[in-house]
Amino acid sequence: MRNSMHHQAGFSLIARVLHWLMALMVITMLFVGAGMVATVSERHAWLLQLHKPLGITILLLVIVRIGVRWAHGTPPLPSDLPLWQRLAAKLSHLALYALMLAMPLIGWTMESAGGYPVILFDGVTLPALVEASPGLYSTLRFMHTWLAYTLFLIVQLHLAAALFHVLVRRDSVMPSMSTGPLPGAKRSKG
Amino acid sequence: MTRKLSKPPYLFLRLGSIAVALIIMATAFAYVSGWLDPQRLTPDRIINTFEANAGIHEGYRRNHAKGICVSGEFVSNGNATGLSRASVFERGRRVPVVGRLAVPGPNPVIADGKPLVRSFALRFSLPGGEEWRTAMNAMPVFSVSTPQAFYEKLEASKPDPETGKPDPRKIAAFFAAHPETQAFRDWAKTAQRSSSYANLAYNSLNAFRFIDASGNVQVVRWGLVPEAPFTPIRDAQLKNPDFLYSELQARLEQGPLRWHLVVTVAGPGDPTDDATKQWPDSRRKVDSGTLTIKRMQDQEHGACRDINYDPLILPEGIEGSDDPLLSARSATYSESFNRRAREQAEQPPSSASTDDAHDDSQETQS
């Protein structure tokens, strides 16, 4: 695997900044999305106005982040981590990246299919990705909702795993994403 | 890492705090989603109430279900450039318009002579992909000022299972509890139905903010003023449940229909958050240009079918006001659109509609 070839025990600074920034944005986005469709109050209008530019920002950042991950790789997981936890880590990270990429694209395509102008902010309207089509809109609207719930569950799993590493295993995983490499954990592999 | 992990102290406390963190996050999400808060007024609840009152007419709007698609253009005369920097108001600007004339209520085959109010929704397609959507009604004020009151009115109009009609006592009780409805009721008592969609004035009712080139804000309402003079409905027209369609067709064969888009500027102290209150007649009015309607199509096949006339889809230079109905209309229209889009997708274009008791005159939605 490409990432285990890298001789580093922590994520690069840019990867760590992107991780925490996007964690905040994705969680905000999930709550904004859930909240805006569940109210007729003024919150609906301003949450919707926040949802679109935030979604496009996440799309741009996740593209940068995939590039950073490609270039720098990831630090190795603790060598004593059971196989199923390694697999769970790989699969959940893959799902997180896929959803961070897919959700804004589905949202943008869905709004285009619904015949809505995709307004980022005053005077800036994104081009429609597809022709207006209620059938396509309906399918994408369904996907946007259910993939959002899926993303929320995977974020919860990710949080549970992170806390497990901090509180129970007390290993190198959280330091690799927070303070950077642990002094005692350098070049543990390879 | 080669060090062997030892079992940490207070293991159950540690696992317990992970569980607590997850539960807090999930509970917050459930609350925001409205799952722990059944009293909250959601778009779903309002649309469900429309459906409970009138049944589901698949593929149609949940309100103002019966309508006609129209199209034409708006030509600006430049008079409103001082009020809003929206490109639609630039002098000589021509923008294509897809509109929809409709009667209120969830029944797509209601007799045209029945409802008192009629509506006109427009979508202006501005340069650069911007749009201005507006849904106007032919009345001077709205009946209620808040989404909650709208919902209560809907609940009060629920048909009695015995008679199939709304219970007049419940309606009376609603009006008694809502004195803000008085202006609307006074108007409704004396208003006459017109002979046509073409000779009515349609009003935004809700207030909006116009922003000019220097960033100054004016609160406005707008309306369409017809060139055709008002004439009341004729008895012969009432025999045809679709007379508004044939009447409009006859007019358009003679030539295009015109309205003036008139912007009314709020004075100091005029309510901007209350669509039940008219502004004084003396307020400054600006005729911003002419809407010309040239063609019509039935709504099952016309370009307006797939447009959600969300009143908060606005171009740069126009914003929503503090009127609470705007956000509610936006949220609720969106839910109505989601449902009818789904129904259209599920219903093959060739299948006949059998969704309601009035289907003998019903065309199929694609």
# chains A, B, ... in the order shown; residues from 1 in each chain; ligands from 1
$ closest_atom_pairs --of "chain B" --to "chain A" --cutoff "8 Å" --atoms "only C-alpha atoms" --output "Markdown table"
| residue | atom | partner | partner_atom | distance |
| --- | --- | --- | --- | --- |
| B:Met1 | CA | A:Pro78 | CA | 5.4 |
| B:Thr2 | CA | A:Ser79 | CA | 7.0 |
| B:Lys4 | CA | A:Asp80 | CA | 7.9 |
| B:Leu5 | CA | A:Arg169 | CA | 6.7 |
| B:Lys7 | CA | A:Val168 | CA | 7.6 |
| B:Pro8 | CA | A:Val168 | CA | 6.2 |
| B:Leu11 | CA | A:Val168 | CA | 7.0 |
| B:Arg14 | CA | A:Leu167 | CA | 5.9 |
| B:Leu15 | CA | A:Val168 | CA | 7.4 |
| B:Ile18 | CA | A:Ala160 | CA | 6.2 |
| B:Ala19 | CA | A:Ala160 | CA | 7.8 |
| B:Leu22 | CA | A:Gln156 | CA | 6.5 |
| B:Phe29 | CA | A:Phe31 | CA | 6.3 |
| B:Val32 | CA | A:Gly35 | CA | 5.0 |
| B:Ser33 | CA | A:Ala34 | CA | 5.0 |
| B:Gly34 | CA | A:Ala38 | CA | 5.9 |
| B:Arg40 | CA | A:Thr39 | CA | 7.2 |
| B:Leu41 | CA | A:Thr39 | CA | 6.1 |
| B:Thr42 | CA | A:Thr39 | CA | 4.4 |
| B:Pro43 | CA | A:Val40 | CA | 5.9 |
| B:Asp44 | CA | A:Ala38 | CA | 7.7 |
| B:Gly128 | CA | A:Thr125 | CA | 7.3 |
| B:Gly129 | CA | A:Thr125 | CA | 6.3 |
| B:Glu130 | CA | A:Thr125 | CA | 6.5 |
| B:Glu131 | CA | A:Pro117 | CA | 6.9 |
| B:Pro147 | CA | A:Val40 | CA | 7.3 |
| B:Asp306 | CA | A:Pro134 | CA | 6.7 |
| B:Ile307 | CA | A:Gly115 | CA | 6.6 |
| B:Leu312 | CA | A:Ala45 | CA | 7.9 |
| B:Ile313 | CA | A:Pro117 | CA | 7.9 |
| B:Pro315 | CA | A:Gly123 | CA | 7.0 |
| B:Glu316 | CA | A:Gly123 | CA | 5.1 |
| B:Pro324 | CA | A:Glu42 | CA | 6.3 |
| B:Ser327 | CA | A:Glu42 | CA | 5.3 |
| B:Ala328 | CA | A:Val40 | CA | 4.3 |
| B:Arg329 | CA | A:Val40 | CA | 7.7 |
| B:Ser330 | CA | A:Ala45 | CA | 7.6 |
| B:Ala331 | CA | A:Val40 | CA | 5.7 |
| B:Thr332 | CA | A:Val40 | CA | 7.1 |
| B:Asn338 | CA | A:Ser138 | CA | 6.6 |
| B:Ala341 | CA | A:Pro134 | CA | 4.9 |
| B:Arg342 | CA | A:Ser138 | CA | 5.1 |
| B:Gln344 | CA | A:Gly135 | CA | 6.8 |
| B:Ala345 | CA | A:Gly135 | CA | 4.4 |
| B:Glu346 | CA | A:Gly135 | CA | 8.0 |
$ residues_around --residues "segment 252-258 of chain B" --least-positions-apart "5" --cutoff "12 Å" --atoms "only C-alpha atoms" --output "compact mmCIF listing (two decimals) with N, CA, C and O atoms, in the first residue's frame"
# COMPACT_ATOMS: atom_id res chain seq x y z
N VAL B 70 -48.47 30.08 -19.41
CA VAL B 70 -48.41 31.18 -20.38
C VAL B 70 -46.96 31.59 -20.57
O VAL B 70 -46.11 31.31 -19.71
N SER B 71 -46.68 32.26 -21.69
CA SER B 71 -45.31 32.73 -21.88
C SER B 71 -45.30 34.02 -22.68
O SER B 71 -46.26 34.35 -23.37
N GLY B 72 -44.21 34.72 -22.53
CA GLY B 72 -44.07 36.01 -23.18
C GLY B 72 -42.79 36.67 -22.73
O GLY B 72 -41.79 35.98 -22.49
N GLU B 73 -42.85 38.01 -22.60
CA GLU B 73 -41.63 38.69 -22.16
C GLU B 73 -41.96 39.92 -21.33
O GLU B 73 -43.06 40.46 -21.39
N PHE B 74 -40.95 40.32 -20.55
CA PHE B 74 -41.05 41.56 -19.79
C PHE B 74 -40.07 42.54 -20.40
O PHE B 74 -38.91 42.20 -20.64
N VAL B 75 -40.55 43.75 -20.67
CA VAL B 75 -39.67 44.79 -21.19
C VAL B 75 -39.63 45.92 -20.17
O VAL B 75 -40.66 46.49 -19.81
N SER B 196 -62.29 37.03 -16.60
CA SER B 196 -61.07 36.59 -17.27
C SER B 196 -59.89 36.63 -16.31
O SER B 196 -59.89 37.34 -15.31
N TYR B 197 -58.86 35.85 -16.66
CA TYR B 197 -57.56 36.01 -15.99
C TYR B 197 -56.90 37.33 -16.41
O TYR B 197 -56.06 37.87 -15.70
N ALA B 198 -57.28 37.81 -17.63
CA ALA B 198 -56.51 38.88 -18.24
C ALA B 198 -56.82 40.26 -17.68
O ALA B 198 -56.04 41.20 -17.88
N ASN B 199 -57.96 40.40 -17.00
CA ASN B 199 -58.35 41.75 -16.58
C ASN B 199 -58.26 41.93 -15.06
O ASN B 199 -58.97 42.73 -14.48
N LEU B 200 -57.37 41.18 -14.44
CA LEU B 200 -57.20 41.26 -13.00
C LEU B 200 -55.83 41.82 -12.64
O LEU B 200 -54.86 41.62 -13.37
N ALA B 201 -55.78 42.49 -11.50
CA ALA B 201 -54.50 42.94 -10.94
C ALA B 201 -54.03 41.89 -9.93
O ALA B 201 -54.83 41.38 -9.14
N LEU B 224 -49.06 43.33 -10.66
CA LEU B 224 -49.32 43.46 -12.09
C LEU B 224 -50.64 44.19 -12.25
O LEU B 224 -51.66 43.78 -11.69
N VAL B 225 -50.63 45.28 -13.04
CA VAL B 225 -51.86 46.02 -13.31
C VAL B 225 -52.23 45.76 -14.77
O VAL B 225 -51.43 46.02 -15.67
N PRO B 226 -53.45 45.24 -15.01
CA PRO B 226 -53.80 44.83 -16.38
C PRO B 226 -54.13 46.03 -17.26
O PRO B 226 -54.63 47.05 -16.78
N GLU B 227 -53.87 45.89 -18.55
CA GLU B 227 -54.35 46.91 -19.50
C GLU B 227 -55.81 46.65 -19.83
O GLU B 227 -56.56 47.58 -20.10
N ALA B 228 -56.22 45.38 -19.79
CA ALA B 228 -57.62 45.05 -20.07
C ALA B 228 -58.51 45.52 -18.92
O ALA B 228 -58.19 45.30 -17.76
N PRO B 229 -59.64 46.19 -19.25
CA PRO B 229 -60.52 46.66 -18.17
C PRO B 229 -61.28 45.51 -17.51
O PRO B 229 -61.63 44.53 -18.17
N TYR B 245 -60.01 29.07 -19.32
CA TYR B 245 -59.11 28.57 -20.36
C TYR B 245 -59.59 29.05 -21.73
O TYR B 245 -58.84 29.66 -22.49
N SER B 246 -60.87 28.79 -22.04
CA SER B 246 -61.37 29.15 -23.37
C SER B 246 -61.39 30.67 -23.55
O SER B 246 -61.12 31.17 -24.64
N GLU B 247 -61.68 31.39 -22.45
CA GLU B 247 -61.72 32.85 -22.54
C GLU B 247 -60.32 33.39 -22.86
O GLU B 247 -60.17 34.31 -23.69
N GLY B 289 -42.25 48.57 -16.06
CA GLY B 289 -42.18 47.99 -17.40
C GLY B 289 -43.42 47.19 -17.71
O GLY B 289 -44.36 47.13 -16.90
N THR B 290 -43.41 46.55 -18.87
CA THR B 290 -44.60 45.88 -19.36
C THR B 290 -44.37 44.39 -19.53
O THR B 290 -43.39 43.97 -20.14
N LEU B 291 -45.29 43.63 -19.00
CA LEU B 291 -45.31 42.19 -19.21
C LEU B 291 -46.26 41.91 -20.37
O LEU B 291 -47.42 42.31 -20.33
N THR B 292 -45.75 41.22 -21.38
CA THR B 292 -46.58 40.87 -22.53
C THR B 292 -46.69 39.36 -22.59
O THR B 292 -45.68 38.66 -22.66
N ILE B 293 -47.91 38.87 -22.54
CA ILE B 293 -48.15 37.42 -22.64
C ILE B 293 -48.65 37.13 -24.05
O ILE B 293 -49.63 37.72 -24.50
N LYS B 294 -47.95 36.22 -24.73
CA LYS B 294 -48.26 35.98 -26.14
C LYS B 294 -48.85 34.60 -26.41
O LYS B 294 -49.55 34.40 -27.38
N ARG B 295 -48.48 33.64 -25.55
CA ARG B 295 -48.90 32.27 -25.83
C ARG B 295 -49.40 31.58 -24.56
O ARG B 295 -49.03 31.98 -23.45
N MET B 296 -50.19 30.54 -24.74
CA MET B 296 -50.62 29.73 -23.60
C MET B 296 -50.52 28.25 -23.96
O MET B 296 -50.52 27.88 -25.14
N GLN B 297 -50.38 27.42 -22.94
CA GLN B 297 -50.35 25.96 -23.12
C GLN B 297 -51.07 25.35 -21.93
O GLN B 297 -51.05 25.93 -20.84
$ closest_residue --among "B:Ala86, B:Ile171, B:Ala207, B:Leu126" --to "Lys158 of chain B" --atoms "only C-alpha atoms"
B:Ile171
$ select_by_dssp --residues "chain A" --states "strand (DSSP E or B)" --output "PyMOL selection string"
chain A and resi 118-121+124-126
$ atom_distance --atom1 "atom CA of Val263 of chain B" --atom2 "atom CA of Ser195 of chain B"
25.5 Å
$ atom_distance --atom1 "atom CA of Ala188 of chain B" --atom2 "atom CA of Ala138 of chain B"
11.2 Å
$ residues_around --residues "Ala89 of chain A" --least-positions-apart "3" --cutoff "10 Å" --atoms "only C-alpha atoms" --output "ChimeraX atom specification"
/A:77,83-86,92-95,157-158,161
